[in-house]
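Working notes for the structure below.
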Amino acid sequence: MTEIAFFPQGVIDQVSGRALMLHGDDIDTDRIIPARFLKCVSFEALGNQVFEDDRLELGGSHPFDLPVYQGASILIVNGNFGCGSSREHAPQALMRWGIRALIGESFAEIFYGNCLALGIPCATGSADQIEALQESVAAEPSLSWSLNIQSQQFQSSIGSWDLQVDSGPREMLLSGRWDATSQLLEHDAALKSVMASLPYLNNFVASVP
Amino acid sequence: MPGGSTQLFVGLHLIHEVTSPQAFSALQDKGLSVRCPELTVATVDHIVPTINQQNRPFADPLAEEMLSTLEQNCAKYGIALHGLGSGSQGIVHVIAPELGLTQPGMTVACGDSHTSTHGAFGSIAFGIGTSQVRDVLASQSLAMNKLKVRRIWVDGQLSCGVYAKDLILHVIRSLGVKAGVGYAYEFAGPAIEALSMEERMTLCNMAIEGGARCGYVNPDGVTFDYLQGRLHAPVADAWQQAVAWWSSLVSDENALFDDEVHFDAASIAPTVTWGITPAQGIAVDETVPTLDSLALSERPIAEEAYRYMDIEPGSAIEGLPVDVCFIGSCTNGRLSDLKAAAAIAKGRHVAKGIKAFVVPGSEKVARAAEAEGLDDLFRAAGYEWREPGCSMCLAMNPDRLDGRQISASSSNRNFKGRQGSSSGRTLLMSPAMVAAAAIAGQVTDVRTLLVKDCLPGKSQ
């Protein structure tokens with residue numbers, strides 16, 4: 001198994017590959033990965049289960065099932081994608097299916113943070129831009145695209161779109177410091193001083209501010 | 001922090017069996033330990049059966065593996081686990097408040113989006129993903145961006161038969177499911193001050209359904225009365241100092257907010273969802289919106305909802321037949337919720353062919369309800385009285401819809417497939433409305449069953 005090596009690592013300055021799209025606002029994380037697949041102590045199997053119920057409902061015509069989109073790595077969505085449950089199983093399932101970047105009108109907050117924690121950028125564009133991109137991808141699924149994190153440009157042979165990658169996440173992806181654990185651990189002295197100052201950790205003996 | 005975020009100390013980290021196992025594995029892989037096991041509290045709720053739940057191993061080997069993994073991790077790292085039969089097990093967002101763990105001014109994190117519930121105490125409480133659970137385990141802190149604050153001011157008083165659940169469904173219906181992105185919701189005003197702590201928890205619980213990662217209510221006398229005497233609440237001199245500190249946290253009278261919206265509680269009716277997002281709700285006496293009455297941006301999801309729910313635009317929601325009635329969840333599984341439903345069920349009986357069941361939010365809720373005879377009352381009315389857990393809110397345990405069944409549910413999400421059947425349908429409503437639906441076998445205006453209780457001058 002060499003699969004792990006393909007997961008995002010280190011500096012992420014560009015995501016390239018073919019794209020696929022899902023239409024519709026408010027696609028929640030229950031749809032991305034139904035709750036019954038959360039019964040696992042590792043994320044490994046989730047790639048096959050992504051959008052399971054939507055795919056069953058569409059009987060093979062869901063974008064994640066269509067042969068032309070197999071191997072795509074950039075997912076283009078509409079508004080408030082990833083709303084609802086905080087389950088990181090959702091971006092994990094997308095990542096294990098092969099998604100390495102998302103582009104949409106907007107993303108739910110917890111989902112966005114979960115993606116960043118996995119090194120998956122979520123870029124945003126206007127409704128018009130997203131519609132045009134979705135049409136372009138549908139018209140020519142074999143196109144190769146590239147999302148440049150620094151310039152925030154999404155381009156292919158047919159054109160280029162100026163998107164937004166929020167400055168904070170952009171800096172984290174470009175510096176390779178999107179995995180927060182080690183940075184949080186660097187500031188343990190500051191943490192100790194916060195803990196010493198919090199009334200509720202000191203039986204409220206600290207004076208009232 | 002890189003990217004301009006702030007390192008936020010987490011005062012209370014709540015964990016459960018579904019979103020923690022991978023976090024513990026990652027911790028071990030990195031050679032790290034749990035930074036503050038004394039500030040970490042565990043329970044098991046999502047996957048537990050609600051019948052004979054202490055029979056181990058569970059019939060479902062995956063569920064058993066999840067619980068035993070949690071038990072092993074808690075034992076290994078010295079984390080308190082409120083396990084099955086301990087007397088204090090239950091839904092994580094029910095037990096932390098009832099044990100007095102959640103207090104004003106705390107930062108509370110949990111790998112569950114309904115962590116917003118704890119904001120009812122004037123804490124900053126929010127859901128996190130598993131990578132962040134790992135980070136909190138390792139460092140007792142998180143990288144967070146500062147949120148904007150939208151004050152949701154509610155004037156007036158809720159009418160008889162209208163509950164906190166109706167209020168929050170009404171707010172979400174009005175503001176939409178994504179208006180809260182980037183915001184914390186501060187709930188304030190006379191109608192909010194009049195709510196009990198359990199009602200405030202229902203309200204804050206569903207802030208996330210409006211897109212707001214956290215919601216909160218300023219702490220006040222209601223908060224302090226609730227906390228006093230609870231297991232982890234401060235006592236004696238410390239209690240006095242705590243109340244002084246908690247009182248100092250309240251938003252200033254002249255505070256400026258990034259946004260403010262106003263509602264009138266008296267104008268809110270019992271509210272029911274008809275679609276596949278929590279914002280697709282209407283008053284029980286309204287009709288399902290027609291396409292042309294909706295904003296252009298709402299039409300595609302409305303069309304999807306008509307199809308999925310098999311509901312005609314323009315039709316009445318009242319009278320819609322239901323198959324299953326579920327009372328429980330972190331939204332509405334507390335004692336006052338059960339009592340509100342019991343007041344409707346008392347002396348009546350569930351309609352023929354309806355499956356109705358009550359899942360108390362915790363072992364403490366169950367024992368308190370049983371002490372008041374609610375278990376017998378519900379059984380006599382044709383309900384099943386179950387053991388505590390998340391149950392059919394998300395159906396990770398054996399409780400689930402079958403095929404195209406429709407549930408009247410006191411839970412928080414009506415997403416497609418949410419209740420365990422990929423084609424199952426959910427109507428969200430208050431526990432009293434669920435009880436009314438159970439009796440009639442269809443969506444019913446609970447106020448018609450409360451006529452005597454709703455006479456002028458009589459509050460609920």
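Chains: A, B, ... in order of the structure tokens. Residues: from 1 per chain. Ligands: from 1, in order shown.
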Next on the checklist: Residues of chain A were defined as contacting chain B if any atom lay at most 8 Å from it, counting only C-alpha atoms; please report them as a PyMOL selection string.
Outcome noted: chain A and resi 24-26+28+30-31+34-36+38-43+53+80+83-88+108-111+113-114+117-118+167-172+177+180-181+183-185+188+191+194+199-200+203-205+208-209
Checklist entry - Taking the backbone alone, and naming residues the way the document does, which bits of region 138-193 of chain A are strand (DSSP E or B) by DSSP, as a list of chain:residue names? => result A:Trp145, A:Ser146, A:Leu147, A:Asn148, A:Gln153, A:Phe154, A:Gln155, A:Ser156, A:Gly159, A:Ser160, A:Trp161, A:Asp162, A:Gln164
Item to check | For Ser362 (chain B), the nearest of the candidates B:Leu296, B:Ala302, B:Leu335, B:Ala269, counting only C-alpha atoms | outcome: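 Selected residue with least distance to Ser362 (chain B): B:Leu335.
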Checklist entry - If you measure from CA of Val77 (chain A) to CA of Met309 (chain B), what distance in Å do you get, rounded to one decimal? => result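 Those two atoms sit 23.3 Å apart.
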Checklist entry - DSSP says alpha helix (DSSP H) for which residues of region 8-178 of chain A? Put them as a ChimeraX atom specification? => result /A:29-32,52-58,89-97,109-117,127-139,167-175
Next on the checklist: Need the shell around region 61-74 of chain A: protein/DNA/RNA residues with any atom at most 8 Å away, counting only C-alpha atoms. Skip same-chain ones fewer than 5 positions apart. Format as a PyMOL selection string?
Outcome noted: chain A and resi 15-22+51+54-55+98-103+141-142
Checklist entry - Quick one: distance from CA of Asn414 (chain B) to CA of Tyr308 (chain B) in Å, one decimal? => result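 Spanning CA of Asn414 (chain B) to CA of Tyr308 (chain B) is a straight-line distance of 11.3 Å.
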Item to check | Who sits within 8 Å of Ala125 (chain B), only C-alpha atoms, same chain under 4 positions skipped, as a VMD selection string | outcome: chain B and resid 106 to 109 115 to 119 214 to 215
Store the residues picked out above, limited to N, CA and C atoms, as an mmCIF file, in the first residue's frame.
```
data_model
loop_
_atom_site.group_PDB
_atom_site.id
_atom_site.type_symbol
_atom_site.label_atom_id
_atom_site.label_comp_id
_atom_site.auth_asym_id
_atom_site.auth_seq_id
_atom_site.Cartn_x
_atom_site.Cartn_y
_atom_site.Cartn_z
ATOM 1 N N MET B 106 -16.372 29.468 29.855
ATOM 2 C CA MET B 106 -15.476 28.393 29.409
ATOM 3 C C MET B 106 -15.408 28.349 27.893
ATOM 4 N N THR B 107 -14.315 27.829 27.401
ATOM 5 C CA THR B 107 -14.263 27.425 26.003
ATOM 6 C C THR B 107 -14.488 25.909 25.992
ATOM 7 N N VAL B 108 -15.465 25.484 25.227
ATOM 8 C CA VAL B 108 -15.841 24.070 25.186
ATOM 9 C C VAL B 108 -15.715 23.576 23.748
ATOM 10 N N ALA B 109 -15.021 22.477 23.557
ATOM 11 C CA ALA B 109 -14.916 21.899 22.215
ATOM 12 C C ALA B 109 -15.267 20.421 22.268
ATOM 13 N N THR B 115 -22.158 20.834 19.667
ATOM 14 C CA THR B 115 -21.481 21.389 20.840
ATOM 15 C C THR B 115 -21.946 22.815 21.108
ATOM 16 N N SER B 116 -22.480 23.468 20.106
ATOM 17 C CA SER B 116 -23.047 24.812 20.289
ATOM 18 C C SER B 116 -24.064 24.848 21.443
ATOM 19 N N THR B 117 -24.640 23.706 21.778
ATOM 20 C CA THR B 117 -25.590 23.600 22.901
ATOM 21 C C THR B 117 -25.082 24.297 24.169
ATOM 22 N N HIS B 118 -23.789 24.092 24.459
ATOM 23 C CA HIS B 118 -23.225 24.547 25.732
ATOM 24 C C HIS B 118 -23.150 26.068 25.827
ATOM 25 N N GLY B 119 -23.315 26.740 24.692
ATOM 26 C CA GLY B 119 -23.363 28.195 24.702
ATOM 27 C C GLY B 119 -24.520 28.743 25.528
ATOM 28 N N CYS B 214 -21.161 28.675 16.709
ATOM 29 C CA CYS B 214 -21.596 28.676 18.108
ATOM 30 C C CYS B 214 -22.706 29.688 18.327
ATOM 31 N N GLY B 215 -23.506 29.421 19.324
ATOM 32 C CA GLY B 215 -24.552 30.335 19.749
ATOM 33 C C GLY B 215 -24.444 30.447 21.253
#
```
Checklist entry - Quick one: residues within 12 Å of Ser136 (chain A), only C-alpha atoms counted, chain neighbours fewer than 6 positions away excluded, as a list of chain:residue names? => result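 Close residues of Ser136 (chain A): A:Arg18, A:Ala19, A:Leu20, A:Met21, A:Ile76, A:Gln129, A:Ile130, A:Ser142, A:Leu143, A:Ser144, A:Trp145, A:Gln155, A:Ser156, A:Ser157, A:Ile158, A:Gly159, A:Ser160, A:Trp161.
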Item to check | Length of the CA of Ile12 (chain A) to CA of Leu116 (chain A) vector [Å] | outcome: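 Computed distance, CA of Ile12 (chain A) to CA of Leu116 (chain A), equals 10.8 Å.
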